[in-house]
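Raw input-v1.tsv, TSV, C-alpha atoms:
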chain	number	residue	atom	x	y	z
A	2	ASP	CA	-5.39	17.96	-106.75
A	3	ILE	CA	-4.69	16.06	-109.96
A	4	ASN	CA	-6.66	18.62	-111.99
A	5	LYS	CA	-4.96	21.71	-110.59
A	6	ALA	CA	-3.22	23.79	-113.28
A	7	LEU	CA	0.35	24.95	-112.60
A	8	PRO	CA	2.13	27.79	-114.45
A	9	VAL	CA	5.15	27.26	-116.71
A	10	THR	CA	7.75	29.74	-115.48
A	11	GLU	CA	10.67	30.98	-117.51
A	12	PHE	CA	13.06	29.11	-115.22
A	13	ALA	CA	11.24	25.81	-115.81
A	14	TRP	CA	11.01	26.43	-119.56
A	15	ARG	CA	14.65	27.45	-119.96
A	16	THR	CA	16.17	24.88	-117.56
A	17	GLY	CA	14.15	21.82	-118.49
A	18	GLY	CA	12.15	22.77	-121.57
A	19	ALA	CA	12.94	23.10	-125.26
A	20	PRO	CA	15.97	25.43	-124.82
A	21	SER	CA	17.66	22.92	-122.47
A	22	ARG	CA	18.07	20.22	-125.13
A	23	THR	CA	17.29	17.60	-122.50
A	24	THR	CA	14.30	15.27	-122.23
A	25	THR	CA	11.26	17.54	-122.18
A	26	MET	CA	7.52	17.59	-122.76
A	27	PHE	CA	7.89	20.92	-124.60
A	28	ALA	CA	5.72	22.86	-122.17
A	29	ALA	CA	4.92	26.28	-123.60
A	30	LEU	CA	6.25	29.30	-121.71
A	31	ARG	CA	3.65	31.05	-119.53
A	32	SER	CA	1.03	28.38	-120.19
A	33	ASN	CA	-0.78	26.42	-117.46
A	34	ILE	CA	-0.71	22.62	-117.29
A	35	SER	CA	-2.69	20.28	-115.06
A	36	VAL	CA	-0.88	18.09	-112.54
A	37	ARG	CA	-2.32	15.06	-114.37
A	38	ASP	CA	-0.65	16.05	-117.65
A	39	LEU	CA	2.58	17.02	-115.91
A	40	LEU	CA	2.73	13.62	-114.22
A	41	THR	CA	2.18	11.93	-117.57
A	42	GLY	CA	4.93	14.00	-119.15
A	43	VAL	CA	7.36	13.18	-116.34
A	44	VAL	CA	6.57	9.46	-116.31
A	45	VAL	CA	6.29	8.81	-120.06
A	46	GLN	CA	8.73	11.37	-121.43
A	47	ASN	CA	11.16	11.90	-118.52
A	48	ALA	CA	10.18	15.57	-118.84
A	49	ASN	CA	12.60	17.81	-116.96
A	50	ASP	CA	10.38	20.83	-117.48
A	51	GLY	CA	7.48	18.87	-115.97
A	52	CYS	CA	9.58	18.10	-112.89
A	53	ILE	CA	10.47	21.75	-112.32
A	54	ILE	CA	6.92	23.00	-112.95
A	55	MET	CA	5.55	20.62	-110.34
A	56	ALA	CA	8.38	21.40	-107.91
A	57	GLU	CA	7.66	25.12	-108.13
A	58	GLY	CA	3.91	24.53	-107.95
A	59	LEU	CA	4.17	22.39	-104.82
A	60	SER	CA	6.86	24.30	-102.93
A	61	SER	CA	7.16	27.75	-104.56
A	62	THR	CA	10.81	27.11	-105.52
A	63	GLU	CA	12.71	24.10	-106.82
A	64	GLN	CA	15.18	24.41	-103.96
A	65	ALA	CA	12.42	24.18	-101.35
A	66	PHE	CA	10.96	21.18	-103.15
A	67	THR	CA	14.38	19.52	-103.26
A	68	GLU	CA	14.63	19.81	-99.49
A	69	ARG	CA	11.27	18.05	-99.24
A	70	MET	CA	12.55	15.38	-101.64
A	71	ASN	CA	15.51	14.63	-99.41
A	72	GLU	CA	13.33	14.50	-96.30
A	73	ARG	CA	10.98	12.08	-98.03
A	74	ALA	CA	13.89	9.96	-99.28
A	75	LYS	CA	15.16	9.65	-95.73
A	76	ALA	CA	11.71	8.65	-94.49
A	77	LEU	CA	11.54	5.92	-97.15
A	78	GLY	CA	14.93	4.54	-96.12
A	79	LEU	CA	16.82	5.66	-99.22
A	80	THR	CA	20.07	5.92	-97.31
A	81	GLY	CA	22.31	6.05	-100.38
A	82	SER	CA	20.49	8.88	-102.12
A	83	ARG	CA	20.83	12.65	-102.09
A	84	PHE	CA	19.12	15.04	-104.49
A	85	GLY	CA	20.44	18.41	-105.64
A	86	ASN	CA	17.35	19.38	-107.61
A	87	SER	CA	14.10	17.93	-108.93
A	88	THR	CA	15.55	16.65	-112.23
A	89	GLY	CA	19.06	15.33	-111.65
A	90	LEU	CA	20.44	17.79	-114.19
A	91	PRO	CA	23.84	19.43	-113.59
A	92	PRO	CA	25.36	21.55	-112.15
A	93	ALA	CA	23.63	20.42	-108.95
A	94	GLU	CA	24.94	17.09	-107.71
A	95	SER	CA	22.51	14.22	-107.18
A	96	ARG	CA	23.22	10.59	-106.44
A	97	MET	CA	21.17	7.45	-106.04
A	98	THR	CA	22.26	3.86	-105.50
A	99	VAL	CA	20.75	1.05	-107.54
A	100	SER	CA	19.42	-0.59	-104.37
A	101	ASP	CA	17.60	2.65	-103.52
A	102	MET	CA	16.15	2.70	-107.02
A	103	ILE	CA	14.69	-0.75	-106.40
A	104	ARG	CA	13.32	0.29	-103.01
A	105	LEU	CA	11.70	3.39	-104.49
A	106	GLY	CA	10.29	1.48	-107.46
A	107	ARG	CA	8.62	-1.07	-105.18
A	108	HIS	CA	7.17	1.77	-103.10
A	109	VAL	CA	5.73	3.53	-106.16
A	110	LEU	CA	4.08	0.34	-107.39
A	111	THR	CA	2.44	-0.51	-104.05
A	112	ALA	CA	1.62	3.01	-102.80
A	113	TYR	CA	0.55	4.65	-106.07
A	114	PRO	CA	-0.97	2.02	-108.37
A	115	ASP	CA	-2.87	4.62	-110.42
A	116	THR	CA	0.30	6.58	-111.13
A	117	PHE	CA	2.25	3.39	-111.79
A	118	ALA	CA	-0.14	2.58	-114.64
A	119	LEU	CA	1.27	5.61	-116.52
A	120	TYR	CA	4.64	3.85	-116.85
A	121	ALA	CA	3.11	1.37	-119.31
A	122	GLN	CA	1.66	4.13	-121.52
A	123	ALA	CA	3.24	3.76	-124.95
A	124	ASP	CA	3.40	7.47	-125.82
A	125	PHE	CA	2.17	10.94	-124.92
A	126	GLU	CA	1.45	14.05	-126.97
A	127	TRP	CA	1.84	17.55	-125.64
A	128	ASN	CA	2.09	20.86	-127.47
A	129	ARG	CA	1.38	18.89	-130.69
A	130	ILE	CA	4.57	16.84	-130.20
A	131	ARG	CA	4.14	13.10	-129.68
A	132	GLN	CA	6.94	11.16	-127.98
A	133	ARG	CA	7.33	7.47	-127.25
A	134	ASN	CA	7.83	6.16	-123.74
A	135	LYS	CA	11.47	6.54	-122.66
A	136	ASN	CA	11.62	2.98	-121.30
A	137	PRO	CA	13.43	1.16	-124.15
A	138	LEU	CA	12.20	-2.25	-122.95
A	139	LEU	CA	8.49	-1.41	-123.01
A	140	GLY	CA	6.85	-3.49	-125.73
A	141	VAL	CA	10.17	-5.22	-126.46
A	142	VAL	CA	10.66	-7.51	-123.45
A	143	THR	CA	7.63	-9.52	-122.32
A	144	GLY	CA	6.17	-8.34	-119.03
A	145	VAL	CA	7.98	-5.00	-118.75
A	146	ASP	CA	5.47	-2.45	-117.48
A	147	GLY	CA	7.32	0.24	-115.59
A	148	PHE	CA	9.98	2.89	-115.00
A	149	ALA	CA	12.49	4.49	-117.34
A	150	SER	CA	16.01	5.04	-118.62
A	151	GLY	CA	18.50	7.84	-118.07
A	152	PHE	CA	21.93	9.18	-118.92
A	153	ALA	CA	24.57	11.23	-117.10
A	154	GLU	CA	28.15	11.97	-118.10
A	155	GLU	CA	29.70	10.32	-115.05
A	156	ALA	CA	27.19	7.48	-114.63
A	157	GLY	CA	26.76	6.54	-118.29
A	158	PHE	CA	23.53	5.02	-119.55
A	159	SER	CA	21.23	3.76	-116.80
A	160	LEU	CA	17.94	1.95	-116.42
A	161	MET	CA	15.36	1.20	-113.75
A	162	THR	CA	12.63	-1.20	-114.81
A	163	THR	CA	10.27	-3.89	-113.62
A	164	ALA	CA	8.61	-6.83	-115.31
A	165	VAL	CA	5.92	-9.32	-114.29
A	166	ARG	CA	5.19	-12.81	-115.58
A	167	GLY	CA	2.57	-14.87	-113.81
A	168	GLU	CA	2.97	-14.34	-110.06
A	169	THR	CA	6.62	-13.29	-110.31
A	170	ARG	CA	7.69	-9.65	-110.51
A	171	LEU	CA	11.33	-8.69	-111.01
A	172	TYR	CA	13.05	-5.33	-110.57
A	173	LEU	CA	16.22	-4.30	-112.36
A	174	ALA	CA	18.41	-1.25	-111.78
A	175	MET	CA	21.68	-0.71	-113.63
A	176	SER	CA	24.06	2.08	-114.64
A	177	GLY	CA	27.45	2.58	-116.21
A	178	LEU	CA	26.55	1.22	-119.66
A	179	THR	CA	28.43	2.84	-122.52
A	180	THR	CA	25.74	2.96	-125.23
A	181	GLU	CA	21.98	2.84	-125.53
A	182	LYS	CA	22.22	-0.48	-127.37
A	183	GLU	CA	24.39	-2.04	-124.68
A	184	ARG	CA	21.92	-0.89	-122.04
A	185	GLN	CA	18.95	-2.38	-123.87
A	186	ASP	CA	20.67	-5.66	-124.74
A	187	GLU	CA	22.13	-6.20	-121.27
A	188	ALA	CA	18.87	-5.34	-119.53
A	189	ALA	CA	16.89	-7.71	-121.73
A	190	ARG	CA	19.42	-10.49	-121.09
A	191	LEU	CA	19.29	-9.98	-117.32
A	192	ILE	CA	15.49	-9.99	-117.21
A	193	GLU	CA	15.30	-13.23	-119.20
A	194	TRP	CA	17.93	-14.77	-116.92
A	195	GLY	CA	15.97	-13.63	-113.87
A	196	PHE	CA	12.80	-15.32	-115.06
A	197	ASN	CA	14.35	-18.46	-116.53
A	198	GLY	CA	17.22	-19.16	-114.15
A	199	PHE	CA	15.36	-18.92	-110.84
A	200	THR	CA	12.58	-20.77	-109.04
A	201	SER	CA	10.03	-19.31	-106.62
A	202	LEU	CA	9.51	-21.47	-103.52
A	203	THR	CA	7.41	-21.24	-100.39
A	204	ILE	CA	9.79	-22.51	-97.71
A	205	TYR	CA	7.44	-22.10	-94.73
A	206	VAL	CA	3.78	-21.17	-94.51
A	207	ALA	CA	2.52	-18.58	-92.06
A	208	GLY	CA	2.09	-19.98	-88.55
A	209	SER	CA	4.07	-23.16	-89.17
A	210	GLY	CA	6.75	-24.09	-86.65
A	211	VAL	CA	10.27	-23.50	-87.89
A	212	GLY	CA	12.16	-24.32	-84.68
A	213	GLN	CA	12.29	-23.68	-80.96
A	214	ALA	CA	13.91	-21.19	-78.63
A	215	THR	CA	15.23	-21.88	-75.15
A	216	VAL	CA	13.25	-20.25	-72.32
A	217	TYR	CA	14.61	-18.94	-69.00
A	218	GLY	CA	12.44	-18.77	-65.92
A	219	GLY	CA	9.26	-20.08	-67.51
A	220	THR	CA	6.79	-22.91	-67.13
A	221	VAL	CA	8.39	-24.65	-70.13
A	222	LYS	CA	11.99	-25.01	-71.26
A	223	GLN	CA	11.39	-24.26	-74.94
A	224	VAL	CA	8.86	-22.37	-77.05
A	225	PRO	CA	8.09	-22.96	-80.74
A	226	LEU	CA	8.84	-20.17	-83.22
A	227	ALA	CA	6.86	-19.41	-86.37
A	228	PRO	CA	6.67	-16.78	-89.12
A	229	GLN	CA	3.53	-14.67	-89.36
A	230	ALA	CA	3.68	-14.59	-93.17
A	231	ASP	CA	4.70	-17.14	-95.75
A	232	VAL	CA	8.46	-17.35	-96.19
A	233	ARG	CA	9.03	-17.32	-99.93
A	234	VAL	CA	12.35	-17.23	-101.73
A	235	TYR	CA	13.43	-16.70	-105.30
A	236	ALA	CA	16.48	-18.91	-105.65
A	237	PRO	CA	18.77	-19.96	-108.51
A	238	THR	CA	17.36	-23.20	-109.89
A	239	ALA	CA	20.82	-24.77	-110.03
A	240	ASP	CA	21.34	-24.14	-106.29
A	241	LEU	CA	18.05	-25.46	-104.88
A	242	GLY	CA	19.84	-28.50	-103.43
A	243	ARG	CA	22.08	-26.21	-101.37
A	244	LEU	CA	19.24	-24.40	-99.57
A	245	SER	CA	19.20	-24.55	-95.77
A	246	ALA	CA	17.71	-22.55	-92.90
A	247	GLN	CA	19.01	-21.14	-89.62
A	248	ILE	CA	17.24	-19.41	-86.74
A	249	ALA	CA	19.10	-16.54	-85.07
A	250	TYR	CA	17.86	-15.10	-81.77
A	251	ARG	CA	19.22	-13.65	-78.54
A	252	GLY	CA	18.46	-16.19	-75.86
A	253	PRO	CA	17.40	-17.72	-73.69
A	254	LEU	CA	14.05	-15.90	-73.84
A	255	ARG	CA	13.14	-14.52	-70.44
A	256	ALA	CA	9.61	-15.44	-69.29
A	257	PRO	CA	6.92	-14.25	-69.08
A	258	PHE	CA	6.13	-13.26	-72.66
A	259	ASP	CA	3.13	-13.25	-74.97
A	260	LYS	CA	2.31	-15.21	-78.08
A	261	GLY	CA	3.29	-13.37	-81.27
A	262	GLN	CA	6.34	-11.61	-79.85
A	263	GLU	CA	9.09	-11.07	-82.41
A	264	VAL	CA	12.23	-12.67	-81.05
A	265	GLY	CA	14.55	-13.41	-83.96
A	266	ARG	CA	15.10	-14.05	-87.64
A	267	ILE	CA	15.05	-17.08	-89.85
A	268	ARG	CA	17.83	-17.08	-92.41
A	269	ILE	CA	17.48	-18.91	-95.69
A	270	MET	CA	20.98	-19.87	-96.83
A	271	ILE	CA	22.64	-21.02	-100.02
A	272	GLY	CA	25.80	-22.63	-98.77
A	273	ASP	CA	27.36	-20.06	-96.44
A	274	ALA	CA	25.61	-17.06	-98.02
A	275	ILE	CA	22.41	-15.55	-96.63
A	276	LEU	CA	19.77	-15.45	-99.37
A	277	GLN	CA	16.97	-13.95	-97.30
A	278	GLU	CA	15.96	-13.12	-93.74
A	279	GLU	CA	12.46	-12.97	-92.25
A	280	PRO	CA	11.22	-12.35	-88.67
A	281	VAL	CA	10.00	-15.19	-86.45
A	282	TYR	CA	7.63	-14.93	-83.51
A	283	THR	CA	6.75	-16.92	-80.42
A	284	ALA	CA	3.97	-19.37	-81.28
A	285	GLU	CA	2.80	-19.65	-77.66
A	286	ALA	CA	2.64	-17.50	-74.56
A	287	VAL	CA	4.83	-18.58	-71.65
A	288	GLU	CA	4.20	-17.62	-68.03
A	289	ALA	CA	6.81	-17.25	-65.33
A	290	GLY	CA	7.72	-20.51	-63.61
A	291	SER	CA	7.94	-21.32	-59.95
A	292	LEU	CA	10.73	-20.08	-57.73
A	293	VAL	CA	12.31	-23.54	-57.86
A	294	SER	CA	12.25	-23.73	-61.66
A	295	ARG	CA	13.69	-20.22	-61.97
A	296	ALA	CA	16.46	-21.14	-59.54
A	297	LYS	CA	17.30	-24.24	-61.60
A	298	ASP	CA	17.37	-22.14	-64.80
A	299	ALA	CA	19.66	-19.61	-63.12
A	300	LEU	CA	21.99	-22.40	-62.03
Using the file provided, produce a representation of the structure as structure tokens.
Amino acid sequence: DINKALPVTEFAWRTGGAPSRTTTMFAALRSNISVRDLLTGVVVQNANDGCIIMAEGLSSTEQAFTERMNERAKALGLTGSRFGNSTGLPPAESRMTVSDMIRLGRHVLTAYPDTFALYAQADFEWNRIRQRNKNPLLGVVTGVDGFASGFAEEAGFSLMTTAVRGETRLYLAMSGLTTEKERQDEAARLIEWGFNGFTSLTIYVAGSGVGQATVYGGTVKQVPLAPQADVRVYAPTADLGRLSAQIAYRGPLRAPFDKGQEVGRIRIMIGDAILQEEPVYTAEAVEAGSLVSRAKDAL
């Protein structure tokens, strides 16, 4: 319930609030705050007290909530991530790879569009203290509309952000920067490079034949393969002339089988490097052949 009010405990106030000297929404001790306002504080202000208040409100203790976090991370495929608490603050150890940050960011945008809209909010006032959004690129780099920055002693200055221009959306995750200025400058440079140095192409449209697979024991010797969704790539403009495609499958395909059966992958290559892989499916059904044809195939 987005309107449910959760209590500010002394642990949340002391660990993530004003006494902690970390990013906080300055939640008042023993007050009650709605989930809506806590979410806004967490998203806009990186509020550590907001994280702990919600963790305790949802799971009684932060430790119990952290266990749920790790279970959810595993379910989302965040294989390089492990959380020690709800905030990432020491002394508990937490880790997250940049690829997992991207995966989680894409999930938030698609699964929770209403919450994602909070990331573009310029500022938020709580307890008569107004703070600007902690994403240093918001309003500075064209198209940036989500996520935030962070800092840890071992990881340095970090950033997870996304930007959209036209039909192209980019995601950027980075860490290990030595200063706030270096983080902002490098992130802005990378985003501009991502938009200006690459071209979006539709290589194959859904349902179009991309090749054929050999069939064993069927009424035909080969079956066409096709993707069920458009195969689009985002490739360096300078390397467009080096693009090629390969189909990889375990064959021959043993008949009978239905139309629309996933049987392999199409690989979009730049030189010898795989740029992208997408599934391909049988474009036709194939029935079992006669005894004679199966004997010939076996031979």
- request: Give me, please, the distance in Å between CA of Val221 in chain A and CA of Pro280 in chain A, quoted to one decimal.
  value: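 Computed distance, CA of Val221 in chain A to CA of Pro280 in chain A, equals 22.4 Å.
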message: So the first atom is CA of Ser150 in chain A and the second is CA of Gly58 in chain A; what is the distance between them in Å, to one decimal place?
response: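 One can read the CA of Ser150 in chain A to CA of Gly58 in chain A distance as 25.3 Å.
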- prompt: What is the distance, in Å and to one decimal place, between CA of Tyr235 in chain A and CA of Glu183 in chain A?
  reply: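 A separation of 26.7 Å between them.
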message: With distances taken over all atoms listed in the file, which residue among A:Gly167, A:Gly144, A:Pro114, A:Gly151 lies nearest Asn49 in chain A?
response: A:Gly151
message: Need the shell around Arg83 in chain A: protein/DNA/RNA residues with any atom at most 12 Å away, counting all atoms listed in the file. Skip same-chain ones fewer than 2 positions apart. Format as a PyMOL selection string?
response: chain A and resi 67-75+78-81+85-87+89+93-98+101
- prompt: With all atoms listed in the file as the atoms that count, which of A:Asp115, A:Glu126, A:Glu63, A:Asp240 lies nearest to Asp38 in chain A?
  reply: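 Residue with the minimum atom-to-atom distance to Asp38 in chain A: A:Glu126.
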- request: Taking (20.2, -17.3, -95.2) in the file's own coordinates, collect the residues within 12 Å, counting only C-alpha atoms, and hand them back as an MDAnalysis selection string.
  value: chainID A and resid 204 232 234 236 243:249 266:279
For Ala299 in chain A, the nearest of the candidates A:Ala48, A:Val216, A:Val281, A:Leu160, counting only C-alpha atoms: A:Val216
Can you report as AutoDock Vina command-line options the centre and edge lengths in Å, to one decimal, of an axis-aligned box around the listed atoms of range 220-239 of chain A padded with 4 Å on each side?
--center_x 12.2 --center_y -19.8 --center_z -88.6 --size_x 25.3 --size_y 18.4 --size_z 50.9
- request: Using only C-alpha atoms, give me every residue within 9 Å of (20.0, 1.9, -113.9) in file coordinates, as a PyMOL selection string.
  value: chain A and resi 98-99+102+149-151+158-162+173-178+184
